[in-house]
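Chemist: Please see the structure below; I have some questions.
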Amino acid sequence: MRLRSSSDRDTQYIGLKLGKLLSSGDTVFLTGGLGSGKTTLVKGIAGAFGINETDITSASFTIIAEHEGTVPFYHIDLYRLDDLNAIDDIGLYEYIGADGVTIIEWADKLQGTEIAIVTVDLEYISENEREITIEGVDEQSWNNL
Amino acid sequence: MKSDSNSLILAIDTSCDDTSAAVIRDGRSVLSSIVYGQGEIHSLYGGVVPEAASRRHTEMIWPTVKLALEQSNTEFSQLSAIAVCCGPGLIGCLIVGTSFAKAMAYASNLPLIGVNHLEGHICSVFLTHEPVFPHISLIVSGGHTSLYLARAMGAYEEIGRTRDDAAGEAYDKVAKMLGLDYPGGPLIDKLAKNGNPKAVNFPRALIKGTLDFSFSGLKTSVRNHLLLNSNISTEDICASFQAAVIDTIITKLLWAAEIHGINTLTISGGVAANEGLRQRLLSLKNMRILMPPKEHCTDNAAMIGLVGDYYFRQGAVSALTLNPKACLPLTANCG
């Protein structure tokens, strides 16, 4: 499913809709370059679990940020980890399919060693526009939201 | 609880990638302050790798504490209490420091004082200046960009914070785009001196009606600029980026001062060591600016000792069940 966002708000709203289709145990992989809107999308997804968008900030520094929403919400950012050993060291694999919703930014750093049913790729088009490609969600459920 | 005028505090901080220990007398005199950095390990990854950092803390905690005691000619038996940072920070790293401090406190029968890392930063300026309240305090580092209204020791109100990236994180990400080493902040600061701050007009996110910050848009803007203009000098990018960060920080500080009618400003955290930012702050008129020396801006245990001493005198001792927390607001206790 290919969507167009023309603002931060759009991206956040797409995240919120995606969040509504997720439940505990789900993992989402996010890919897209710096500034493509990954954290903005996570703010939206988190909103579906009762988490205040202002509580979601970049996780690049801490790598794993845990939030208490209606289900445990794990926001993971692999930006700074370039080799699989370093990723293994942070205990990432314990969060995939864990009791809660796990969102992983820079999932391409996993080099295909793990898979998620839901993947989202964000592509920078112009200053305000992004193309957001979502795979693994039922298009009919999406349209019924 | 004894609250004699002479106190000797051993302080420990392992919240991120520096293993640090200090001995503080009477909450003011820094008898020793050891900071064992791990920069060389983490520069390989362009940032701190939590598990590697925890392992290094485990190896370095005892040598660091031992050196802090030796340099201050202090014996364990002379100590009044042990203060330790219990959050916020990287959980695996915090556990090393708190476990060590708990074991030492138990074995030497000393009071244990858990200290919030952010309170340490806010008070770091009082290692070298007389305490002044109320004041507006900005903590600006790789993990934080937050504004506080500090009314008194222990009484802080968060009045602004970043909505996305911390300022120090924007520095590190821009440095990586430019192919510079980690940590990027000091390198950009240095290169900026030889660049034109007006070469590129990067956006200043001055969200109206709030003291919150946002640096994500600036990061994206630098990225775009680099994609579209391959021939611009690195120095000019650094200078223009730094000008945007500093303008934003200064503007928000002045807004905070005006809104709250307070003209004393303090800054702390790693980015507070930025030369460009320090110079701009000092040029402000009608403002009283208090800045810690650079070695007190980055993580250190001396600031933990200062705050620990205050709580020790208040009789606010932590239980040996003290648990570190990765997310720990300034108003919350470690428990």
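Ordering of the structure tokens sets the chain letters (A, B, ...), residue numbers begin anew at 1 in every chain, and ligands are numbered from 1 in the order given.
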Restrict the distance test to only C-alpha atoms, flag each residue of chain B within 6 Å of chain A, and return the flagged residues as a PyMOL selection string.
Modeler: chain B and resi 51+143+163-165+220
Chemist: Would you kindly return, as a list in words, each protein, DNA or RNA residue with an atom no farther than 8 Å from any atom of range 102-108 of chain B, considering only C-alpha atoms and excluding same-chain residues fewer than 3 positions away?
Modeler: Phe76, Ser77, Ala81, Ile82, Thr98, Ser99, Pro111, Leu112, Leu320 and Leu322 of chain B
Chemist: Restricted to N, CA and C atoms, what would the selected residues look like written as a PDB file, in the first residue's frame?
Modeler:
ATOM      1  N   PHE B  76      38.292   4.961  53.186  1.00  0.00           N
ATOM      2  CA  PHE B  76      36.866   4.641  53.280  1.00  0.00           C
ATOM      3  C   PHE B  76      36.294   5.047  54.637  1.00  0.00           C
ATOM      4  N   SER B  77      37.119   4.828  55.682  1.00  0.00           N
ATOM      5  CA  SER B  77      36.642   5.081  57.045  1.00  0.00           C
ATOM      6  C   SER B  77      36.359   6.565  57.303  1.00  0.00           C
ATOM      7  N   ALA B  81      29.309   9.551  53.426  1.00  0.00           N
ATOM      8  CA  ALA B  81      28.248   8.884  52.664  1.00  0.00           C
ATOM      9  C   ALA B  81      28.737   8.590  51.249  1.00  0.00           C
ATOM     10  N   ILE B  82      27.984   7.728  50.566  1.00  0.00           N
ATOM     11  CA  ILE B  82      28.270   7.440  49.160  1.00  0.00           C
ATOM     12  C   ILE B  82      27.070   7.899  48.336  1.00  0.00           C
ATOM     13  N   THR B  98      25.287   1.756  40.482  1.00  0.00           N
ATOM     14  CA  THR B  98      24.446   1.637  41.681  1.00  0.00           C
ATOM     15  C   THR B  98      24.755   0.348  42.442  1.00  0.00           C
ATOM     16  N   SER B  99      25.017  -0.750  41.721  1.00  0.00           N
ATOM     17  CA  SER B  99      25.336  -2.011  42.411  1.00  0.00           C
ATOM     18  C   SER B  99      26.621  -1.839  43.209  1.00  0.00           C
ATOM     19  N   PRO B 111      25.846   5.705  54.767  1.00  0.00           N
ATOM     20  CA  PRO B 111      24.568   6.056  54.127  1.00  0.00           C
ATOM     21  C   PRO B 111      24.732   6.108  52.603  1.00  0.00           C
ATOM     22  N   LEU B 112      23.690   5.682  51.909  1.00  0.00           N
ATOM     23  CA  LEU B 112      23.682   5.697  50.444  1.00  0.00           C
ATOM     24  C   LEU B 112      22.718   6.798  49.990  1.00  0.00           C
ATOM     25  N   LEU B 320      18.924   0.584  50.711  1.00  0.00           N
ATOM     26  CA  LEU B 320      19.838  -0.259  49.933  1.00  0.00           C
ATOM     27  C   LEU B 320      19.108  -1.005  48.815  1.00  0.00           C
ATOM     28  N   LEU B 322      17.658   0.612  46.575  1.00  0.00           N
ATOM     29  CA  LEU B 322      17.698   1.618  45.489  1.00  0.00           C
ATOM     30  C   LEU B 322      17.819   0.950  44.114  1.00  0.00           C
TER      31      LEU B 322
END
Chemist: Please list as an NGL selection string every residue within 6 Å of Ala11 in chain B, counting only C-alpha atoms and excluding residues in the same chain fewer than 3 positions away.
Modeler: :B and (21-22 or 82-84 or 301 or 304-305)
Chemist: Mind listing the helix (DSSP H, G or I) residues of chain A, per DSSP on the backbone, as a PDB file with N, CA, C and O atoms, in the first residue's frame?
Modeler:
ATOM      1  N   ASP A   8       3.980  16.733   8.448  1.00  0.00           N
ATOM      2  CA  ASP A   8       4.217  15.942   9.662  1.00  0.00           C
ATOM      3  C   ASP A   8       2.895  15.378  10.177  1.00  0.00           C
ATOM      4  O   ASP A   8       2.827  14.250  10.632  1.00  0.00           O
ATOM      5  N   ARG A   9       1.873  16.241  10.096  1.00  0.00           N
ATOM      6  CA  ARG A   9       0.560  15.824  10.603  1.00  0.00           C
ATOM      7  C   ARG A   9       0.025  14.616   9.849  1.00  0.00           C
ATOM      8  O   ARG A   9      -0.526  13.693  10.447  1.00  0.00           O
ATOM      9  N   ASP A  10       0.181  14.655   8.521  1.00  0.00           N
ATOM     10  CA  ASP A  10      -0.251  13.516   7.690  1.00  0.00           C
ATOM     11  C   ASP A  10       0.479  12.255   8.123  1.00  0.00           C
ATOM     12  O   ASP A  10      -0.119  11.191   8.286  1.00  0.00           O
ATOM     13  N   THR A  11       1.792  12.376   8.268  1.00  0.00           N
ATOM     14  CA  THR A  11       2.602  11.210   8.621  1.00  0.00           C
ATOM     15  C   THR A  11       2.152  10.654   9.972  1.00  0.00           C
ATOM     16  O   THR A  11       2.003   9.448  10.148  1.00  0.00           O
ATOM     17  N   GLN A  12       1.893  11.568  10.911  1.00  0.00           N
ATOM     18  CA  GLN A  12       1.455  11.136  12.233  1.00  0.00           C
ATOM     19  C   GLN A  12       0.089  10.446  12.156  1.00  0.00           C
ATOM     20  O   GLN A  12      -0.158   9.445  12.817  1.00  0.00           O
ATOM     21  N   TYR A  13      -0.793  10.975  11.304  1.00  0.00           N
ATOM     22  CA  TYR A  13      -2.126  10.386  11.161  1.00  0.00           C
ATOM     23  C   TYR A  13      -2.038   8.985  10.542  1.00  0.00           C
ATOM     24  O   TYR A  13      -2.742   8.064  10.962  1.00  0.00           O
ATOM     25  N   ILE A  14      -1.138   8.837   9.572  1.00  0.00           N
ATOM     26  CA  ILE A  14      -0.934   7.509   8.972  1.00  0.00           C
ATOM     27  C   ILE A  14      -0.430   6.543  10.056  1.00  0.00           C
ATOM     28  O   ILE A  14      -0.866   5.404  10.146  1.00  0.00           O
ATOM     29  N   GLY A  15       0.454   7.047  10.919  1.00  0.00           N
ATOM     30  CA  GLY A  15       0.942   6.237  12.031  1.00  0.00           C
ATOM     31  C   GLY A  15      -0.175   5.823  12.977  1.00  0.00           C
ATOM     32  O   GLY A  15      -0.268   4.670  13.391  1.00  0.00           O
ATOM     33  N   LEU A  16      -1.044   6.778  13.275  1.00  0.00           N
ATOM     34  CA  LEU A  16      -2.173   6.493  14.178  1.00  0.00           C
ATOM     35  C   LEU A  16      -3.061   5.393  13.609  1.00  0.00           C
ATOM     36  O   LEU A  16      -3.458   4.450  14.306  1.00  0.00           O
ATOM     37  N   LYS A  17      -3.358   5.488  12.295  1.00  0.00           N
ATOM     38  CA  LYS A  17      -4.189   4.459  11.645  1.00  0.00           C
ATOM     39  C   LYS A  17      -3.501   3.100  11.696  1.00  0.00           C
ATOM     40  O   LYS A  17      -4.111   2.093  12.024  1.00  0.00           O
ATOM     41  N   LEU A  18      -2.199   3.114  11.413  1.00  0.00           N
ATOM     42  CA  LEU A  18      -1.448   1.854  11.453  1.00  0.00           C
ATOM     43  C   LEU A  18      -1.495   1.268  12.864  1.00  0.00           C
ATOM     44  O   LEU A  18      -1.712   0.069  13.046  1.00  0.00           O
ATOM     45  N   GLY A  19      -1.325   2.139  13.858  1.00  0.00           N
ATOM     46  CA  GLY A  19      -1.348   1.702  15.254  1.00  0.00           C
ATOM     47  C   GLY A  19      -2.644   1.002  15.612  1.00  0.00           C
ATOM     48  O   GLY A  19      -2.656   0.022  16.356  1.00  0.00           O
ATOM     49  N   LYS A  20      -3.746   1.490  15.052  1.00  0.00           N
ATOM     50  CA  LYS A  20      -5.054   0.904  15.362  1.00  0.00           C
ATOM     51  C   LYS A  20      -5.175  -0.528  14.852  1.00  0.00           C
ATOM     52  O   LYS A  20      -6.009  -1.295  15.319  1.00  0.00           O
ATOM     53  N   LYS A  38      10.504   8.927  10.278  1.00  0.00           N
ATOM     54  CA  LYS A  38      10.291   7.685  11.030  1.00  0.00           C
ATOM     55  C   LYS A  38       9.782   7.963  12.457  1.00  0.00           C
ATOM     56  O   LYS A  38       8.799   7.371  12.890  1.00  0.00           O
ATOM     57  N   THR A  39      10.467   8.866  13.154  1.00  0.00           N
ATOM     58  CA  THR A  39      10.050   9.151  14.532  1.00  0.00           C
ATOM     59  C   THR A  39       8.671   9.806  14.567  1.00  0.00           C
ATOM     60  O   THR A  39       7.862   9.536  15.449  1.00  0.00           O
ATOM     61  N   THR A  40       8.383  10.625  13.556  1.00  0.00           N
ATOM     62  CA  THR A  40       7.057  11.254  13.465  1.00  0.00           C
ATOM     63  C   THR A  40       5.981  10.175  13.310  1.00  0.00           C
ATOM     64  O   THR A  40       4.924  10.230  13.946  1.00  0.00           O
ATOM     65  N   LEU A  41       6.265   9.173  12.477  1.00  0.00           N
ATOM     66  CA  LEU A  41       5.320   8.067  12.300  1.00  0.00           C
ATOM     67  C   LEU A  41       5.125   7.319  13.624  1.00  0.00           C
ATOM     68  O   LEU A  41       4.003   6.944  13.984  1.00  0.00           O
ATOM     69  N   VAL A  42       6.218   7.127  14.365  1.00  0.00           N
ATOM     70  CA  VAL A  42       6.138   6.414  15.658  1.00  0.00           C
ATOM     71  C   VAL A  42       5.263   7.199  16.647  1.00  0.00           C
ATOM     72  O   VAL A  42       4.492   6.612  17.406  1.00  0.00           O
ATOM     73  N   LYS A  43       5.354   8.536  16.613  1.00  0.00           N
ATOM     74  CA  LYS A  43       4.492   9.359  17.478  1.00  0.00           C
ATOM     75  C   LYS A  43       3.023   9.014  17.223  1.00  0.00           C
ATOM     76  O   LYS A  43       2.233   8.878  18.151  1.00  0.00           O
ATOM     77  N   GLY A  44       2.688   8.871  15.922  1.00  0.00           N
ATOM     78  CA  GLY A  44       1.316   8.529  15.552  1.00  0.00           C
ATOM     79  C   GLY A  44       0.928   7.135  16.011  1.00  0.00           C
ATOM     80  O   GLY A  44      -0.132   6.932  16.606  1.00  0.00           O
ATOM     81  N   ILE A  45       1.813   6.164  15.771  1.00  0.00           N
ATOM     82  CA  ILE A  45       1.522   4.780  16.174  1.00  0.00           C
ATOM     83  C   ILE A  45       1.291   4.728  17.687  1.00  0.00           C
ATOM     84  O   ILE A  45       0.341   4.110  18.176  1.00  0.00           O
ATOM     85  N   ALA A  46       2.164   5.421  18.443  1.00  0.00           N
ATOM     86  CA  ALA A  46       2.075   5.402  19.904  1.00  0.00           C
ATOM     87  C   ALA A  46       0.741   5.969  20.383  1.00  0.00           C
ATOM     88  O   ALA A  46       0.189   5.514  21.391  1.00  0.00           O
ATOM     89  N   GLY A  47       0.222   6.952  19.611  1.00  0.00           N
ATOM     90  CA  GLY A  47      -1.055   7.562  19.981  1.00  0.00           C
ATOM     91  C   GLY A  47      -2.180   6.540  20.049  1.00  0.00           C
ATOM     92  O   GLY A  47      -3.107   6.659  20.855  1.00  0.00           O
ATOM     93  N   GLU A  53       2.009  11.978  22.296  1.00  0.00           N
ATOM     94  CA  GLU A  53       3.013  12.110  21.230  1.00  0.00           C
ATOM     95  C   GLU A  53       4.271  12.838  21.707  1.00  0.00           C
ATOM     96  O   GLU A  53       5.367  12.570  21.238  1.00  0.00           O
ATOM     97  N   THR A  54       4.115  13.751  22.688  1.00  0.00           N
ATOM     98  CA  THR A  54       5.298  14.485  23.137  1.00  0.00           C
ATOM     99  C   THR A  54       6.247  13.582  23.938  1.00  0.00           C
ATOM    100  O   THR A  54       7.403  13.931  24.157  1.00  0.00           O
ATOM    101  N   ASP A  55       5.748  12.435  24.383  1.00  0.00           N
ATOM    102  CA  ASP A  55       6.620  11.507  25.114  1.00  0.00           C
ATOM    103  C   ASP A  55       7.481  10.670  24.173  1.00  0.00           C
ATOM    104  O   ASP A  55       8.389   9.977  24.601  1.00  0.00           O
ATOM    105  N   LEU A  84      25.925  -6.677  13.419  1.00  0.00           N
ATOM    106  CA  LEU A  84      24.908  -7.539  14.023  1.00  0.00           C
ATOM    107  C   LEU A  84      25.255  -7.932  15.453  1.00  0.00           C
ATOM    108  O   LEU A  84      24.366  -8.131  16.278  1.00  0.00           O
ATOM    109  N   ASN A  85      26.561  -8.012  15.769  1.00  0.00           N
ATOM    110  CA  ASN A  85      26.941  -8.340  17.149  1.00  0.00           C
ATOM    111  C   ASN A  85      26.484  -7.264  18.112  1.00  0.00           C
ATOM    112  O   ASN A  85      25.991  -7.560  19.202  1.00  0.00           O
ATOM    113  N   ALA A  86      26.662  -6.003  17.695  1.00  0.00           N
ATOM    114  CA  ALA A  86      26.256  -4.884  18.559  1.00  0.00           C
ATOM    115  C   ALA A  86      24.744  -4.913  18.762  1.00  0.00           C
ATOM    116  O   ALA A  86      24.240  -4.633  19.845  1.00  0.00           O
ATOM    117  N   ILE A  87      24.022  -5.302  17.707  1.00  0.00           N
ATOM    118  CA  ILE A  87      22.559  -5.377  17.806  1.00  0.00           C
ATOM    119  C   ILE A  87      22.163  -6.522  18.732  1.00  0.00           C
ATOM    120  O   ILE A  87      21.275  -6.385  19.577  1.00  0.00           O
ATOM    121  N   ASP A  88      22.861  -7.617  18.616  1.00  0.00           N
ATOM    122  CA  ASP A  88      22.617  -8.768  19.483  1.00  0.00           C
ATOM    123  C   ASP A  88      22.862  -8.381  20.943  1.00  0.00           C
ATOM    124  O   ASP A  88      22.095  -8.724  21.838  1.00  0.00           O
ATOM    125  N   ASP A  89      23.940  -7.612  21.165  1.00  0.00           N
ATOM    126  CA  ASP A  89      24.328  -7.197  22.517  1.00  0.00           C
ATOM    127  C   ASP A  89      23.258  -6.385  23.240  1.00  0.00           C
ATOM    128  O   ASP A  89      23.179  -6.420  24.459  1.00  0.00           O
ATOM    129  N   LEU A  92      18.164  -7.047  21.420  1.00  0.00           N
ATOM    130  CA  LEU A  92      17.070  -6.717  20.501  1.00  0.00           C
ATOM    131  C   LEU A  92      16.097  -7.872  20.302  1.00  0.00           C
ATOM    132  O   LEU A  92      14.887  -7.696  20.256  1.00  0.00           O
ATOM    133  N   TYR A  93      16.672  -9.071  20.181  1.00  0.00           N
ATOM    134  CA  TYR A  93      15.822 -10.210  19.798  1.00  0.00           C
ATOM    135  C   TYR A  93      14.766 -10.533  20.847  1.00  0.00           C
ATOM    136  O   TYR A  93      13.761 -11.147  20.562  1.00  0.00           O
ATOM    137  N   GLU A  94      15.001 -10.048  22.083  1.00  0.00           N
ATOM    138  CA  GLU A  94      13.994 -10.272  23.124  1.00  0.00           C
ATOM    139  C   GLU A  94      12.775  -9.388  22.934  1.00  0.00           C
ATOM    140  O   GLU A  94      11.726  -9.622  23.521  1.00  0.00           O
ATOM    141  N   ALA A 107      15.482  -0.667  10.543  1.00  0.00           N
ATOM    142  CA  ALA A 107      15.439  -2.125  10.584  1.00  0.00           C
ATOM    143  C   ALA A 107      16.308  -2.742   9.490  1.00  0.00           C
ATOM    144  O   ALA A 107      16.656  -3.925   9.569  1.00  0.00           O
ATOM    145  N   ASP A 108      16.701  -1.949   8.481  1.00  0.00           N
ATOM    146  CA  ASP A 108      17.583  -2.483   7.427  1.00  0.00           C
ATOM    147  C   ASP A 108      18.946  -2.882   8.007  1.00  0.00           C
ATOM    148  O   ASP A 108      19.668  -3.677   7.409  1.00  0.00           O
ATOM    149  N   LYS A 109      19.258  -2.349   9.216  1.00  0.00           N
ATOM    150  CA  LYS A 109      20.530  -2.723   9.846  1.00  0.00           C
ATOM    151  C   LYS A 109      20.530  -4.189  10.290  1.00  0.00           C
ATOM    152  O   LYS A 109      21.566  -4.744  10.601  1.00  0.00           O
ATOM    153  N   LEU A 110      19.343  -4.800  10.317  1.00  0.00           N
ATOM    154  CA  LEU A 110      19.258  -6.218  10.683  1.00  0.00           C
ATOM    155  C   LEU A 110      19.678  -7.113   9.519  1.00  0.00           C
ATOM    156  O   LEU A 110      19.809  -8.324   9.676  1.00  0.00           O
ATOM    157  N   GLU A 139      -5.548  -4.222   3.406  1.00  0.00           N
ATOM    158  CA  GLU A 139      -5.963  -2.942   2.843  1.00  0.00           C
ATOM    159  C   GLU A 139      -7.434  -2.646   3.148  1.00  0.00           C
ATOM    160  O   GLU A 139      -7.816  -1.499   3.367  1.00  0.00           O
ATOM    161  N   GLN A 140      -8.214  -3.703   3.208  1.00  0.00           N
ATOM    162  CA  GLN A 140      -9.638  -3.486   3.486  1.00  0.00           C
ATOM    163  C   GLN A 140      -9.845  -2.990   4.917  1.00  0.00           C
ATOM    164  O   GLN A 140     -10.616  -2.069   5.160  1.00  0.00           O
ATOM    165  N   SER A 141      -9.101  -3.619   5.875  1.00  0.00           N
ATOM    166  CA  SER A 141      -9.200  -3.160   7.268  1.00  0.00           C
ATOM    167  C   SER A 141      -8.762  -1.703   7.356  1.00  0.00           C
ATOM    168  O   SER A 141      -9.340  -0.902   8.090  1.00  0.00           O
ATOM    169  N   TRP A 142      -7.725  -1.368   6.617  1.00  0.00           N
ATOM    170  CA  TRP A 142      -7.205   0.016   6.605  1.00  0.00           C
ATOM    171  C   TRP A 142      -8.298   0.973   6.128  1.00  0.00           C
ATOM    172  O   TRP A 142      -8.548   2.007   6.737  1.00  0.00           O
ATOM    173  N   ASN A 143      -8.957   0.584   5.015  1.00  0.00           N
ATOM    174  CA  ASN A 143      -9.970   1.469   4.446  1.00  0.00           C
ATOM    175  C   ASN A 143     -11.204   1.561   5.334  1.00  0.00           C
ATOM    176  O   ASN A 143     -11.944   2.533   5.270  1.00  0.00           O
ATOM    177  N   ASN A 144     -11.432   0.536   6.177  1.00  0.00           N
ATOM    178  CA  ASN A 144     -12.599   0.550   7.055  1.00  0.00           C
ATOM    179  C   ASN A 144     -12.373   1.378   8.317  1.00  0.00           C
ATOM    180  O   ASN A 144     -13.299   1.577   9.087  1.00  0.00           O
TER     181      ASN A 144
END
Chemist: Nearest residue to His117 in chain B out of B:Leu330, B:Leu282, B:Leu254, B:Ala239, using only C-alpha atoms?
Modeler: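 Once distances to His117 in chain B are computed over only C-alpha atoms, the minimum belongs to B:Leu330.
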Chemist: Enumerate the residues of range 3-98 of chain A with a DSSP assignment of strand (DSSP E or B), computed from the backbone, and present them as a count of residues only.
Modeler: 19
